[in-house]
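Asker: What follows is a structure written as structure tokens; I'll ask about it next.
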Protein chains: 4
Amino acid sequence: MVFILKPNATKQQIDSFIKSFEAQGFSTILSTGTEHTAICLIGNTASVDMDHVVATTDYIEYGFRITEQYKAVNRTVHPEDTVISVGGVVIGPDTFTVISGPCSVESEEQIVQVAKSVKASGAKLLRGGAFKPRTSPYSFQGMKEEGLRFLSIAKQETGLPLVSEIMNQTQAPLFEDIDIIQVGARNMQNFDLLKEVGMMGKPVLLKRGLANTLEEMLMSAEYIMSSGCHQVILCERGIRTFETMMRNTLDLSAVVILKQKSHLPIIVDPSHAAGIRSLVPPLSKAALAVGADGLMIETHNDPAKAKCDGAQSLDLEQFANLMAELKKRSGLENKII
Amino acid sequence: MVFILKPNATKQQIDSFIKSFEAQGFSTILSTGTEHTAICLIGNTASVDMDHVVATTDYIEYGFRITEQYKAVNRTVHPEDTVISVGGVVIGPDTFTVISGPCSVESEEQIVQVAKSVKASGAKLLRGGAFKPRTSPYSFQGMKEEGLRFLSIAKQETGLPLVSEIMNQTQAPLFEDIDIIQVGARNMQNFDLLKEVGMMGKPVLLKRGLANTLEEMLMSAEYIMSSGCHQVILCERGIRTFETMMRNTLDLSAVVILKQKSHLPIIVDPSHAAGIRSLVPPLSKAALAVGADGLMIETHNDPAKAKCDGAQSLDLEQFANLMAELKKRSGLENKII
Amino acid sequence: MVFILKPNATKQQIDSFIKSFEAQGFSTILSTGTEHTAICLIGNTASVDMDHVVATTDYIEYGFRITEQYKAVNRTVHPEDTVISVGGVVIGPDTFTVISGPCSVESEEQIVQVAKSVKASGAKLLRGGAFKPRTSPYSFQGMKEEGLRFLSIAKQETGLPLVSEIMNQTQAPLFEDIDIIQVGARNMQNFDLLKEVGMMGKPVLLKRGLANTLEEMLMSAEYIMSSGCHQVILCERGIRTFETMMRNTLDLSAVVILKQKSHLPIIVDPSHAAGIRSLVPPLSKAALAVGADGLMIETHNDPAKAKCDGAQSLDLEQFANLMAELKKRSGLENKII
Amino acid sequence: MVFILKPNATKQQIDSFIKSFEAQGFSTILSTGTEHTAICLIGNTASVDMDHVVATTDYIEYGFRITEQYKAVNRTVHPEDTVISVGGVVIGPDTFTVISGPCSVESEEQIVQVAKSVKASGAKLLRGGAFKPRTSPYSFQGMKEEGLRFLSIAKQETGLPLVSEIMNQTQAPLFEDIDIIQVGARNMQNFDLLKEVGMMGKPVLLKRGLANTLEEMLMSAEYIMSSGCHQVILCERGIRTFETMMRNTLDLSAVVILKQKSHLPIIVDPSHAAGIRSLVPPLSKAALAVGADGLMIETHNDPAKAKCDGAQSLDLEQFANLMAELKKRSGLENKII
């Protein structure tokens with residue numbers, strides 16, 4: 001159940017309203033937009049006489065019931081698009097923000113070189129894996145703390161804010177210099193991790209699980225938001241289907257649906273979806289055309305020698321060419337790139 | 001095994017070459033492009049000494065082995081893109097051809113009105129179902145012969161060539177005035193129907209089955225081509241996955257893969273993939289951006305009253321608006337719309 | 001909407017009741033069980049005042065509304081299990097009927113030898129493909145009419161009734177001596193074929209499509225029943241999933257669900273589901289344990305030389321051993337084997 | 001690469017052999033069976049001259065290369081079935097071990113009552129969730145530490161060893177009294193958790209992820225084994241497919257495949273697979289018939305009031321009836337129940 005407040009509602013009124021319902025055993029979500037403030041009750045609201053509440057509370061404009069299990073992420077509760085701002089970079093409805101970098105950090109030289117190059121081509125954030133979730137225990141597992149340190153150096157040298165994946169909650173203290181915390185596809189329903197990253201005080205990039213529905217993805221975003229983080233970026237990265245000619249099936253319809261259901265920004269990761277380099281540029285252009293707010297692209301200075309995911313990584317020149325193509329098209333989608 | 005002929009090979013030489021291999025029990029596919037002619041042997045070629053054949057046949061340029069089971073549709077055999085031309089309309093690499101019309105023909109007035117409107121908006125072909133494959137025997141099954149007659153009238157009034165679905169081989173004589181024969185998703189592996197439509201002497205539009213791999217789709221196209229039809233259009237229309245928020249998951253990566261593997265044109269049907277009207281325009285733009293050669297869009301004069309698939313049909317104005325958006329973007333993809 | 005008739009309702013009353021509703025535009029399904037007769041109205045029954053009909057028609061016991069789209073196959077309409085009897089062989093709740101034979105008929109000697117052997121081991125029906133749906137146009141397509149003739153010879157020599165697959169409706173006249181008409185997985189939604197086989201006057205074995213839901217399968221059975229055939233056998237044969245270690249994923253839960261939703265018998269085809277010989281015996285035992293009414297097993301006299309599906313075929317001895325194992329267990333499931 | 005040692009190889013020889021390869025940068029896995037000892041090298045073995053090693057090391061019987069990425073779990077390396085023994089209960093090829101209990105621990109009374117009842121019916125271990133992974137942050141998340149305490153009480157009162165799910169590595173100290181650590185489906189690829197539970201010194205029950213291949217499942221088991229735990233139990237619990245009539249599709253073929261590929265025991269969880277109570281008994285019987293080594297069944301004293309998963313839980317009497325049915329059949333499968 002959602003109550004929309006009148007513009008003149010005071011902080012004191014809001015607090016008292018929330019307290020009265022929390023005393024009855026409800027959780028509440030306070031959603032403050034530029035145009036209106038909403039209070040969402042969580043719990044069994046069947047017994048609440050909504051009309052009575054509206055009629056007897058003069059700072060309430062109106063109320064309505066929502067049936068979706070996701071509340072804080074629901075566009076009904078928060079009709080305006082959420083805009084995320086990190087280190088001067090904006091992710092939201094008016095921009096097409098490209099995050100780029102290698103699958104994994106391999107050395108200081110490598111990450112600094114890639115960072116400088118992708119920045120010159122137009123990337124706004126640098127990605128790089130320090131902790132790598134790998135199917136095999138015998139595969140390279142990432143440079144760990146050292147990798148994070150090299151990322152920091154790349155940030156100092158280029159000014160690009162950082163995106164990197166956390167694999168478990170005990171790593172949180174190591175991510176102080178990371179600007180956006182990534183939750184990987186295989187952890188999308190690692191609920192304890194979701195709660196923890198929601199308390200880190202940083203924007204979170206949540207990747208869709210390989211076999212997770214959009215509703216489950218929104219519920220996982222709800223975990224993060226209900227832990228106190230209001231800056232969640234959703235990321236479509238392909239789902240597992242019966243088709244074997246590409247690694248996963250990129251679901252671009254998901255971008256449209258998620259935009260309808262939620263106010264959160266959504267970006268697309270064509271590199272992991274396809275698993276094949278030659279698919280990345282056309283899928284990137286399609287993501288822009290379908291309405292995504294940005295991309296996450298794997299770029300490597302020498303893909304043939306990459307320690308992981310070389311087959312799907314663009315080289316520096318291919319990335320530059322892709323950015324040039326995207327820049328030609330972003331204006332048509334009313335997006336600043 | 002494929003043999004590429006020298007440009008000066010004569011028809012007599014080609015015939016004699018083919019005959020000699022057919023006498024040994026091989027089937028052959030003759031593929032004539034603008035730049036070269038290829039002869040593909042089908043059968044167990046393990047015993048063929050390819051180098052000996054090349055060395056001893058002076059009108060053979062070179063030979064190579066292909067391992068894919070699809071031969072005639074294979075880009076390796078026929079490197080140039082196939083261009084299909086029907087009633088003055090072209091479908092191929094330089095065009096973005098939009099097919100539009102209602103899910104099913106409902107009356108002469110309806111189909112003529114829709115035809116005039118979609119033509120004015122820029123559609124190049126008219127679609128309309130006369131025989132309708134429906135999950136339930138109690139659902140409307142189409143107007144059948146009468147529907148085909150109304151389509152002919154719409155063609156006379158607008159000049160738009162026609163696309164309509166055939167459901168079984170006994171219907172072939174009724175499709176004389178239909179310009180492109182559509183094989184529906186549920187019939188993609190109805191092999192007897194594939195053989196039959198391949199002998200109808202008309203271009204065939206082959207839709208991907210709901211759970212068919214791209215390789216199976218290419219094999220079904222191979223059935224049609226091996227029956228004598230060289231004008232096959234592939235159509236991606238969404239696959240069945242675990243996601244339930246839209247009807248099917250549109251697989252735009254398929255467009256890129258199919259372009260790499262085959263020389264056949266490929267179009268996208270976002271209407272059936274999504275099953276929801278609001279997804280059709282963004283997915284259409286994405287299809288253009290990803291490299292498709294056209295679209296098939298369901299458009300109805302009054303979607304709320306449509307006898308089938310109303311929820312996914314655009315109305316005439318929405319279709320006009322979509323075409324206007326596509327026209328703004330087609331030049332960037334080097335496509336004439 | 002379903003009306004259950006009183007036991008003393010006369011044929012004349014039933015006819016007049018049906019006629020009065022057909023005059024109002026409804027289709028009807030008459031379902032005659034051993035204990036009661038039901039009349040099911042198909043169409044928009046929202047306007048029918050059911051209570052009024054029951055109150056004013058004295059040979060009606062009671063009425064109820066059903067929401068499932070499938071009517072004739074619905075257990076609600078026909079609570080007793082359907083028992084199918086063909087050539088003295090019974091398929092139903094009290095039996096575990098095993099159909100066996102090669103993927104395709106390859107010669108008179110082969111099919112007669114296999115028939116004699118599987119009969120001796122306990123198979124009750126002989127299967128054999130004469131028309132073969134193959135993914136590739138270059139694969140063996142079956143012996144066609146000659147194959148059907150060899151099946152007839154095998155039937156004469158063993159007395160085993162025959163099951164064989166029809167691929168299109170023009171073949172119906174050739175199937176005169178076939179006792180059960182099989183509709184293959186790829187044709188499960190070939191609706192014109194379903195209508196046609198429903199009119200052949202023989203039991204139909206309907207295989208589940210690779211990506212078809214159970215509801216769609218029941219709707220396809222409804223097509224056959226609404227064409228006049230009341231003897232439909234459902235066959236679970238594995239569905240397409242992301243797993244690649246076996247050909248398809250056998251869905252044994254489907255057996256339980258279909259038994260709950262429908263009165264039709266259901267058998268299991270572990271050979272096509274698995275695609276691997278070693279999985280056939282354990283899956284066969286599991287099918288018996290889960291409540292299936294029988295099996296369809298591919299058996300070949302020399303699997304290594306089979307023209308198709310050799311990898312999944314049991315040899316004659318393996319089939320005999322499997323039957324011995326099943327016989328030990330059938331009593332526990334109250335099934336006569 | 002695997003080396004099989006001669007029976008008379010001494011511990012000193014084994015240690016020296018291992019050391020010499022670890023000095024060259026390989027990891028090694030030592031697998032000690034009742035009949036032979038194997039040493040498996042992990043790393044790029046392309047440069048190792050296997051024949052030379054065998055010829056020059058007299059306590060080596062022979063060597064061979066394995067291509068699967070999973071080594072320690074591979075039946076090739078360890079041909080005998082692994083038998084897991086915990087608190088006097090055995091899980092392995094000769095037993096059919098049933099684990100039962102409620103989805104979540106709800107009170108001391110509840111868990112003790114259920115434990116006594118399922119023990120009387122024949123369950124050998126008690127399951128109960130204390131930490132519950134839930135799709136929604138607003139759903140009951142389990143009784144946590146208190147739940148574990150109640151489980152301990154139930155263990156004291158019945159002697160049943162305990163199985164409970166761990167959700168993150170920081171919880172490990174709380175699981176001291178739990179006998180088998182469960183890793184849930186959503187954590188199957190939470191690799192950091194896998195490494196951690198592998199070091200807890202207890203058997204681990206690893207559930208298959210909803211969309212994970214069997215190869216990925218074996219790789220996750222490999223993570224646990226390569227962390228030092230040799231007592232891993234695999235659990236098939238249904239996979240996500242397009243079918244919506246049951247929660248997941250139980251993949252019983254997986255049991256057969258996993259038995260072929262690995263020496264680890266495998267059990268089946270029909271409760272979570274089906275999500276519907278009425279499917280649990282037939283699927284349980286099918287799991288026994290297909291060759292599983294046991295079951296995990298949700299049982300509740302009052303399913304209608306269960307805090308989670310009530311719809312799939314058996315009540316105490318239904319569980320007793322199911323056990324009686326299983327006992328009738330276990331002898332036929334050469335299993336002690």
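As shown in the structure tokens, the chain order sets the letters A, B, ...; within each chain, residues go from 1, and ligands are also counted from 1 in the order they appear.
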Which chain D residues have any atom within 7 Å of an atom of chain B, and for each, what is the nearest pair of atoms with distance in Å to one decimal, counting only C-alpha atoms, rows sorted by chain and number, as JSON lines?
Answerer:
```
{"residue": "D:Arg240", "atom": "CA", "partner": "B:Phe242", "partner_atom": "CA", "distance": 6.8}
{"residue": "D:Thr241", "atom": "CA", "partner": "B:Phe242", "partner_atom": "CA", "distance": 5.5}
{"residue": "D:Phe242", "atom": "CA", "partner": "B:Phe242", "partner_atom": "CA", "distance": 4.5}
```
Asker: Please provide as a list of chain:residue names all residues within 8 Å of Val105 in chain B, with the sequence filter that same-chain residues fewer than 5 positions apart are discarded (counting only C-alpha atoms).
Answerer: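 Once the adjacent positions are removed, what remains is B:Gln110, B:Ile111, B:Gly128, B:Gly129, B:Ala130, B:Gly142, B:Met143, B:Gly147, B:Phe150, B:Leu151.
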Asker: Go through range 105-157 of chain D and flag each residue having an atom no more than 10 Å from range 179-200 of chain D; for those, report the closest pair of atoms plus their distance in Å to one decimal, using only C-alpha atoms, ordered by chain and rising number, as JSON lines.
Answerer:
```
{"residue": "D:Leu125", "atom": "CA", "partner": "D:Asp179", "partner_atom": "CA", "distance": 9.3}
{"residue": "D:Leu126", "atom": "CA", "partner": "D:Asp179", "partner_atom": "CA", "distance": 9.8}
{"residue": "D:Arg127", "atom": "CA", "partner": "D:Ile180", "partner_atom": "CA", "distance": 9.4}
{"residue": "D:Gly129", "atom": "CA", "partner": "D:Gln182", "partner_atom": "CA", "distance": 9.6}
{"residue": "D:Lys132", "atom": "CA", "partner": "D:Gly184", "partner_atom": "CA", "distance": 9.6}
{"residue": "D:Pro133", "atom": "CA", "partner": "D:Arg186", "partner_atom": "CA", "distance": 8.2}
```
Asker: CA of Gly159 in chain D and CA of Ile267 in chain D are how many Å apart?
Answerer: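 Spanning CA of Gly159 in chain D to CA of Ile267 in chain D is a straight-line distance of 21.5 Å.
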Asker: Suppose you want the space between CA of Phe3 in chain D and CA of Leu30 in chain D; what is it in Å?
Answerer: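 Interatomic distance here is 9.9 Å.
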Asker: Any idea what's packed within 8 Å of His36 in chain B, counting only C-alpha atoms, ignoring anything in its chain fewer than 3 positions away? Could you give it as an MDAnalysis selection string?
Answerer: chainID B and resid 4:7 32:33
